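Notes follow once the structure below has been shown.
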Amino acid sequence: MGLDELHQSALRIHDLYDELNMRERGRVWTREEFMLGFMGDVGDLAKLILAEEGARTVRPDGQAALEHELADCLWSVLILAHRYDIDLESAVRAHHGGSGEGDQCPSRPVGSDGPGPAWRNLRGCCVHSSSGRLKPEPP
């Protein structure tokens, strides 16, 4: 199943949840509520990862639960992108490669000598030393 098929499937499920919420609660979830739901899914995923790595008690259905939470997180990302009018395919190409250009650090033009990968500081800017390692951003 490709991204477009996943997106269409996520939208069908989203619409069914909207119908259910309208019937049971008289309203649909807001974008903020979808974000909070996603945060809950990420928290559940984190617990399962910790269990897989031995830092928590392993559930008997560990692998199936991990698959389920990963699918829930992906669904949430697809729906959040939809609710905020983000074309994920274009965004992934622009920010993570795929065209042969997006896989380069924006501060290094395609064909430059600098080693990758692109290291980003918290503000989203690339900051490299001449060796390609992360260097502190000037104040």
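Identifiers in the structure tokens: chain A, B, ... in order shown; residue index from 1 per chain; ligand index from 1 in order shown.
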query = Got a sec: who's within 10 Å of range 83-92 of chain A, counting only C-alpha atoms, leaving out chain neighbours fewer than 2 positions off, as a PyMOL selection string?
reply = chain A and resi 3-4+7+30-31+34+77-81+94-98+102
task = Give me, please, the distance in Å between CA of Gly40 in chain A and CA of Thr57 in chain A, quoted to one decimal.
result = 19.1 Å
Contacts of Leu48 in chain A at 9 Å (only C-alpha atoms; same-chain gap of 3+ positions) as a list in words =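 Skipping anything fewer than 3 positions along the chain leaves Gly43, Asp44, Leu45, Ala51, Glu52, Glu53, Arg56, Thr57, Val58, Arg59, Gly62, Gln63, Ala65, Leu66 and Glu69 of chain A.
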